[in-house]
$ cat model.txt   # compact mmCIF, C-alpha atoms
# COMPACT_ATOMS: atom_id res chain seq x y z
CA MET A 1 16.66 24.61 0.78
CA ARG A 2 12.91 25.04 0.70
CA ARG A 3 10.70 22.04 1.32
CA MET A 4 8.58 21.04 -1.66
CA SER A 5 5.25 19.26 -1.24
CA SER A 6 2.71 17.44 -3.39
CA ILE A 7 5.23 16.46 -6.04
CA VAL A 8 5.37 12.70 -5.69
CA THR A 9 3.02 10.72 -3.47
CA ASP A 10 4.23 8.03 -1.08
CA TYR A 11 7.93 8.46 -1.65
CA VAL A 12 10.87 10.05 0.11
CA ILE A 13 11.81 13.15 -1.86
CA PHE A 14 15.38 14.44 -1.92
CA ILE A 15 16.01 17.85 -3.41
CA VAL A 16 19.46 18.44 -4.86
CA HIS A 17 20.44 21.95 -5.91
CA ARG A 18 22.37 22.03 -9.18
CA ARG A 19 25.04 24.33 -7.73
CA ASN A 20 25.69 22.26 -4.64
CA HIS A 21 24.67 18.61 -4.82
CA ASN A 22 25.94 18.14 -1.29
CA ARG A 23 23.10 20.24 0.10
CA ILE A 24 20.28 17.71 0.34
CA GLU A 25 17.05 18.05 2.20
CA GLY A 26 14.90 14.98 2.70
CA SER A 27 11.15 15.22 2.99
CA LEU A 28 9.65 12.01 4.37
CA ARG A 29 6.08 11.37 3.35
CA ASN A 30 3.72 8.70 4.64
CA GLY A 31 6.49 6.74 6.31
CA VAL A 32 7.64 5.13 3.08
CA LYS A 33 11.31 4.21 3.06
CA ASP A 34 12.02 3.98 -0.68
CA LEU A 35 14.27 6.79 -1.84
CA SER A 36 13.22 9.12 -4.61
CA THR A 37 15.49 11.79 -5.98
CA LEU A 38 14.51 15.00 -7.70
CA ILE A 39 17.47 16.80 -9.26
CA ILE A 40 16.31 20.38 -9.66
CA THR A 41 17.88 22.45 -12.41
CA ASP A 42 16.45 25.98 -12.10
CA ARG A 43 15.05 28.36 -9.52
CA CYS A 44 11.90 30.39 -9.80
CA SER A 45 10.34 33.04 -7.60
CA THR A 46 6.93 33.15 -5.97
CA PRO A 47 5.40 35.93 -3.83
CA HIS A 48 5.94 33.78 -0.75
CA GLN A 49 9.26 31.98 -1.07
CA LYS A 50 11.95 30.70 -3.37
CA CYS A 51 10.98 27.52 -5.12
CA PHE A 52 12.40 25.30 -7.82
CA ASN A 53 10.73 24.82 -11.16
CA LEU A 54 9.97 21.35 -12.38
CA SER A 55 12.64 21.09 -15.05
CA PHE A 56 14.28 18.11 -13.44
CA SER A 57 15.47 14.58 -13.90
CA LEU A 58 13.76 11.91 -11.84
CA PHE A 59 15.56 9.08 -10.16
CA PHE A 60 12.96 7.42 -7.99
CA MET A 61 14.54 4.10 -7.10
CA ASP A 62 17.26 1.86 -8.39
CA CYS A 63 16.47 -0.57 -11.18
CA LEU A 64 16.53 -3.80 -9.18
CA THR A 65 14.34 -2.32 -6.46
CA ALA A 66 11.78 -1.32 -9.07
CA ILE A 67 11.85 -4.77 -10.68
CA LEU A 68 11.58 -6.73 -7.44
CA THR A 69 8.94 -4.57 -5.75
CA ARG A 70 6.60 -3.97 -8.71
CA ARG A 71 3.13 -5.44 -8.24
CA SER A 72 0.10 -5.82 -10.51
CA VAL A 73 -2.49 -3.36 -9.21
CA ARG A 74 -6.18 -3.42 -10.10
CA ARG A 75 -7.56 -0.74 -7.81
CA PHE A 76 -6.73 2.91 -8.38
CA ARG A 77 -7.35 6.20 -6.66
CA LYS A 78 -9.32 8.89 -8.46
CA ASP A 79 -6.32 11.21 -8.70
CA ASP A 80 -5.60 12.37 -12.21
CA VAL A 81 -2.46 11.33 -14.07
CA SER A 82 -1.17 14.31 -16.04
CA ASP A 83 -0.41 14.21 -19.74
CA GLU A 84 3.20 15.06 -18.91
CA THR A 85 3.42 11.97 -16.70
CA VAL A 86 1.82 9.81 -19.38
CA MET A 87 4.35 11.03 -21.92
CA LYS A 88 7.17 10.19 -19.50
CA LEU A 89 5.80 6.64 -19.33
CA ILE A 90 5.61 6.40 -23.11
CA GLU A 91 9.13 7.79 -23.38
CA ALA A 92 10.25 5.00 -21.05
CA GLY A 93 8.33 2.47 -23.11
CA ASN A 94 9.89 3.55 -26.38
CA ALA A 95 13.35 3.48 -24.78
CA ALA A 96 13.03 -0.31 -24.61
CA PRO A 97 15.16 -2.33 -27.04
CA SER A 98 13.74 -3.17 -30.45
CA ALA A 99 14.90 -5.26 -33.39
CA GLY A 100 17.09 -3.13 -35.63
CA ASN A 101 16.00 -0.11 -33.57
CA LEU A 102 12.86 -0.04 -35.73
CA GLN A 103 10.64 0.54 -32.67
CA ALA A 104 7.77 -1.44 -34.15
CA ARG A 105 5.23 -0.34 -31.54
CA ASP A 106 2.70 2.45 -31.14
CA PHE A 107 0.90 3.80 -28.08
CA ILE A 108 -2.73 4.82 -27.73
CA VAL A 109 -3.68 6.95 -24.70
CA VAL A 110 -7.30 6.57 -23.62
CA ARG A 111 -9.06 8.88 -21.15
CA ASP A 112 -12.61 8.93 -22.51
CA GLU A 113 -14.91 7.20 -20.01
CA GLU A 114 -17.11 5.56 -22.63
CA THR A 115 -14.11 4.20 -24.52
CA LYS A 116 -12.56 2.84 -21.31
CA LEU A 117 -15.84 1.11 -20.53
CA LYS A 118 -15.98 -0.49 -23.98
CA LEU A 119 -12.40 -1.71 -23.62
CA ALA A 120 -13.19 -3.18 -20.20
CA VAL A 121 -16.11 -5.12 -21.67
CA ALA A 122 -13.94 -6.30 -24.59
CA SER A 123 -11.37 -7.48 -22.02
CA VAL A 124 -13.60 -10.32 -20.77
CA ARG A 125 -15.45 -7.78 -18.60
CA GLN A 126 -12.51 -6.83 -16.39
CA MET A 127 -14.42 -3.75 -15.29
CA PHE A 128 -11.66 -2.35 -13.09
CA ILE A 129 -9.98 -1.29 -16.33
CA ALA A 130 -12.59 1.44 -16.77
CA GLU A 131 -11.86 2.78 -13.28
CA ALA A 132 -8.24 3.71 -14.02
CA PRO A 133 -7.70 7.42 -14.79
CA VAL A 134 -5.90 6.60 -18.03
CA LEU A 135 -5.15 3.60 -20.23
CA ILE A 136 -2.09 3.10 -22.40
CA VAL A 137 -2.67 0.57 -25.17
CA VAL A 138 0.56 -0.74 -26.67
CA VAL A 139 0.24 -1.84 -30.29
CA ALA A 140 2.58 -4.03 -32.34
CA ASN A 141 3.19 -2.32 -35.69
CA TYR A 142 4.03 -5.22 -38.01
CA PRO A 143 5.05 -3.48 -41.27
CA ARG A 144 7.51 -1.23 -39.45
CA SER A 145 9.56 -4.34 -38.72
CA MET A 146 8.54 -6.53 -41.66
CA ARG A 147 9.91 -4.03 -44.19
CA VAL A 148 13.36 -5.10 -43.02
CA TYR A 149 12.87 -8.59 -41.59
CA GLY A 150 10.02 -10.01 -43.68
CA ASP A 151 7.68 -12.45 -41.94
CA ARG A 152 10.09 -12.72 -39.02
CA GLY A 153 9.31 -9.06 -38.39
CA LYS A 154 5.91 -10.05 -36.98
CA ILE A 155 7.62 -11.78 -34.08
CA TYR A 156 10.03 -8.88 -33.64
CA ALA A 157 7.18 -6.34 -33.57
CA GLU A 158 5.46 -8.29 -30.80
CA GLN A 159 8.74 -8.51 -28.90
CA ASP A 160 9.27 -4.77 -29.36
CA ALA A 161 5.82 -4.10 -27.94
CA ALA A 162 6.33 -6.49 -25.01
CA ALA A 163 9.63 -4.84 -24.09
CA ALA A 164 7.89 -1.45 -24.11
CA VAL A 165 5.13 -2.77 -21.86
CA GLN A 166 7.59 -3.91 -19.22
CA ASN A 167 9.41 -0.59 -19.32
CA ILE A 168 6.14 1.28 -18.78
CA LEU A 169 5.18 -0.97 -15.87
CA LEU A 170 8.54 -0.40 -14.18
CA ALA A 171 8.56 3.34 -14.86
CA ALA A 172 5.05 3.67 -13.46
CA HIS A 173 6.04 1.85 -10.28
CA ALA A 174 9.20 3.93 -9.90
CA MET A 175 7.16 7.13 -10.25
CA GLY A 176 4.69 6.16 -7.54
CA LEU A 177 2.04 4.98 -9.99
CA ALA A 178 0.79 1.46 -10.63
CA SER A 179 -0.52 -0.66 -13.47
CA VAL A 180 -1.23 -4.20 -14.59
CA TRP A 181 -0.52 -6.00 -17.85
CA ILE A 182 -3.86 -6.84 -19.51
CA GLY A 183 -3.60 -9.41 -22.27
CA ALA A 184 -7.03 -11.06 -22.06
CA TYR A 185 -9.24 -9.28 -24.59
CA ASP A 186 -10.89 -9.70 -27.96
CA ASP A 187 -8.29 -8.41 -30.43
CA GLU A 188 -10.85 -7.56 -33.09
CA LYS A 189 -13.13 -5.67 -30.72
CA VAL A 190 -10.26 -3.68 -29.21
CA SER A 191 -8.98 -2.85 -32.70
CA GLU A 192 -12.46 -1.73 -33.74
CA ILE A 193 -12.93 0.43 -30.64
CA LEU A 194 -9.57 2.15 -31.10
CA ASN A 195 -9.54 2.22 -34.91
CA ILE A 196 -6.32 0.20 -35.03
CA PRO A 197 -5.43 -0.62 -38.66
CA SER A 198 -5.52 -4.22 -39.84
CA TYR A 199 -1.72 -4.37 -40.19
CA ALA A 200 -1.24 -3.82 -36.44
CA ARG A 201 -2.38 -5.70 -33.33
CA PRO A 202 -3.02 -4.58 -29.75
CA ALA A 203 -0.29 -6.15 -27.59
CA ALA A 204 -1.42 -5.00 -24.14
CA ILE A 205 -3.80 -2.70 -22.32
CA LEU A 206 -2.22 -0.91 -19.36
CA PRO A 207 -4.54 0.78 -16.85
CA VAL A 208 -2.46 3.44 -15.09
CA GLY A 209 -3.16 5.32 -11.88
CA TYR A 210 -2.13 5.88 -8.29
CA PRO A 211 -2.56 2.62 -6.36
CA ALA A 212 -5.47 2.11 -3.98
CA GLU A 213 -4.18 -1.29 -2.89
CA ASN A 214 -0.86 -2.87 -1.96
CA PRO A 215 -0.89 -6.47 -3.20
CA ARG A 216 1.29 -9.04 -1.48
CA PRO A 217 4.28 -10.46 -3.36
CA ARG A 218 3.39 -13.49 -5.48
CA LYS A 219 5.28 -16.75 -5.20
CA ARG A 220 7.96 -17.43 -7.78
CA TYR A 221 9.62 -20.62 -8.88
CA ALA A 222 12.91 -21.36 -7.18
CA LEU A 223 15.73 -20.20 -9.44
CA GLU A 224 17.21 -23.71 -9.34
CA GLU A 225 14.06 -25.03 -11.05
CA ILE A 226 14.13 -22.62 -13.96
CA THR A 227 17.83 -21.97 -14.53
CA HIS A 228 19.79 -24.07 -17.02
CA TRP A 229 23.54 -23.78 -17.46
CA GLU A 230 25.01 -24.26 -20.94
CA LYS A 231 22.15 -26.58 -22.09
CA TRP A 232 18.55 -27.41 -21.13
$ encode --input "model.txt" --output "structure tokens"
Amino acid sequence: MRRMSSIVTDYVIFIVHRRNHNRIEGSLRNGVKDLSTLIITDRCSTPHQKCFNLSFSLFFMDCLTAILTRRSVRRFRKDDVSDETVMKLIEAGNAAPSAGNLQARDFIVVRDEETKLKLAVASVRQMFIAEAPVLIVVVANYPRSMRVYGDRGKIYAEQDAAAAVQNILLAAHAMGLASVWIGAYDDEKVSEILNIPSYARPAAILPVGYPAENPRPRKRYALEEITHWEKW
């Protein structure tokens, strides 16, 4: 096994060869204890050593760990987030459940600095939004759901978009990235900036980048206070 570097920041990387999954080499980076797994599928050659190409499946952490350790991050490093990574996040978002599998949501990727600045101003001047390397704006597409469910489809489209948002947040965290759910903005201004048609509505703005902060866990209600059995 050859040690790979600079693939995923701040995670333990395990490399598993497709021909012998029992041969595992761990590369510990930055003292982080969360386990990340890269299952490598093909070899490639370089002038210096054998390596493994990046046609792999990523299993960065188990689902509950991702859910319980995700934090809302508002400070990001300057490191770029590749288009391939962004598309992985959108793939995760669109894998979320949707009413009738109609997937009544669209995704707008924003990298342009001027556009990010305009969106930050439209979001009650949350200027940190403009500092993220990339934004993913999740949009509820009403007619895609309403053509089947009528007026009720408006609610379903918003639910579809919300489910996608949570998937993206969790996928970003699992991949060593970070984000925060932005819902405070002027809908009309955001729609104008991004040329969103009148039949759709922005559901969330997600700044995405590598975290430059590690927020503390927030307090949650005791489960006994919010859990009801059989009836309210």
$ atom_distance --input "model.txt" --atom1 "CA of Arg201 (chain A)" --atom2 "CA of Glu188 (chain A)"
8.7 Å
$ residues_around --input "model.txt" --residues "Pro197 (chain A)" --least-positions-apart "5" --cutoff "10 Å" --atoms "only C-alpha atoms" --output "ChimeraX atom specification"
/A:141,191-192
$ closest_atom_pairs --input "model.txt" --of "region 107-170 of chain A" --to "region 84-90 of chain A" --cutoff "12 Å" --atoms "all atoms listed in the file" --output "CSV"
residue,atom,partner,partner_atom,distance
A:Phe107,CA,A:Ile90,CA,7.3
A:Ile108,CA,A:Ile90,CA,9.7
A:Val109,CA,A:Val86,CA,8.2
A:Val110,CA,A:Val86,CA,10.6
A:Arg111,CA,A:Val86,CA,11.1
A:Pro133,CA,A:Val86,CA,10.8
A:Val134,CA,A:Val86,CA,8.5
A:Leu135,CA,A:Val86,CA,9.4
A:Ile136,CA,A:Val86,CA,8.3
A:Val137,CA,A:Ile90,CA,10.3
A:Val138,CA,A:Ile90,CA,9.4
A:Ala161,CA,A:Ile90,CA,11.6
A:Ala163,CA,A:Ile90,CA,12.0
A:Ala164,CA,A:Ile90,CA,8.2
A:Val165,CA,A:Ile90,CA,9.3
A:Gln166,CA,A:Leu89,CA,10.7
A:Asn167,CA,A:Leu89,CA,8.1
A:Ile168,CA,A:Leu89,CA,5.4
A:Leu169,CA,A:Leu89,CA,8.4
A:Leu170,CA,A:Leu89,CA,9.1
$ atom_distance --input "model.txt" --atom1 "CA of Lys118 (chain A)" --atom2 "CA of Asp80 (chain A)"
20.3 Å
$ atom_distance --input "model.txt" --atom1 "CA of Met175 (chain A)" --atom2 "CA of Leu119 (chain A)"
25.3 Å
$ closest_residue --input "model.txt" --among "A:Ser82, A:Asn214, A:Asn101, A:Thr227" --to "Tyr156 (chain A)" --atoms "all atoms listed in the file"
A:Asn101
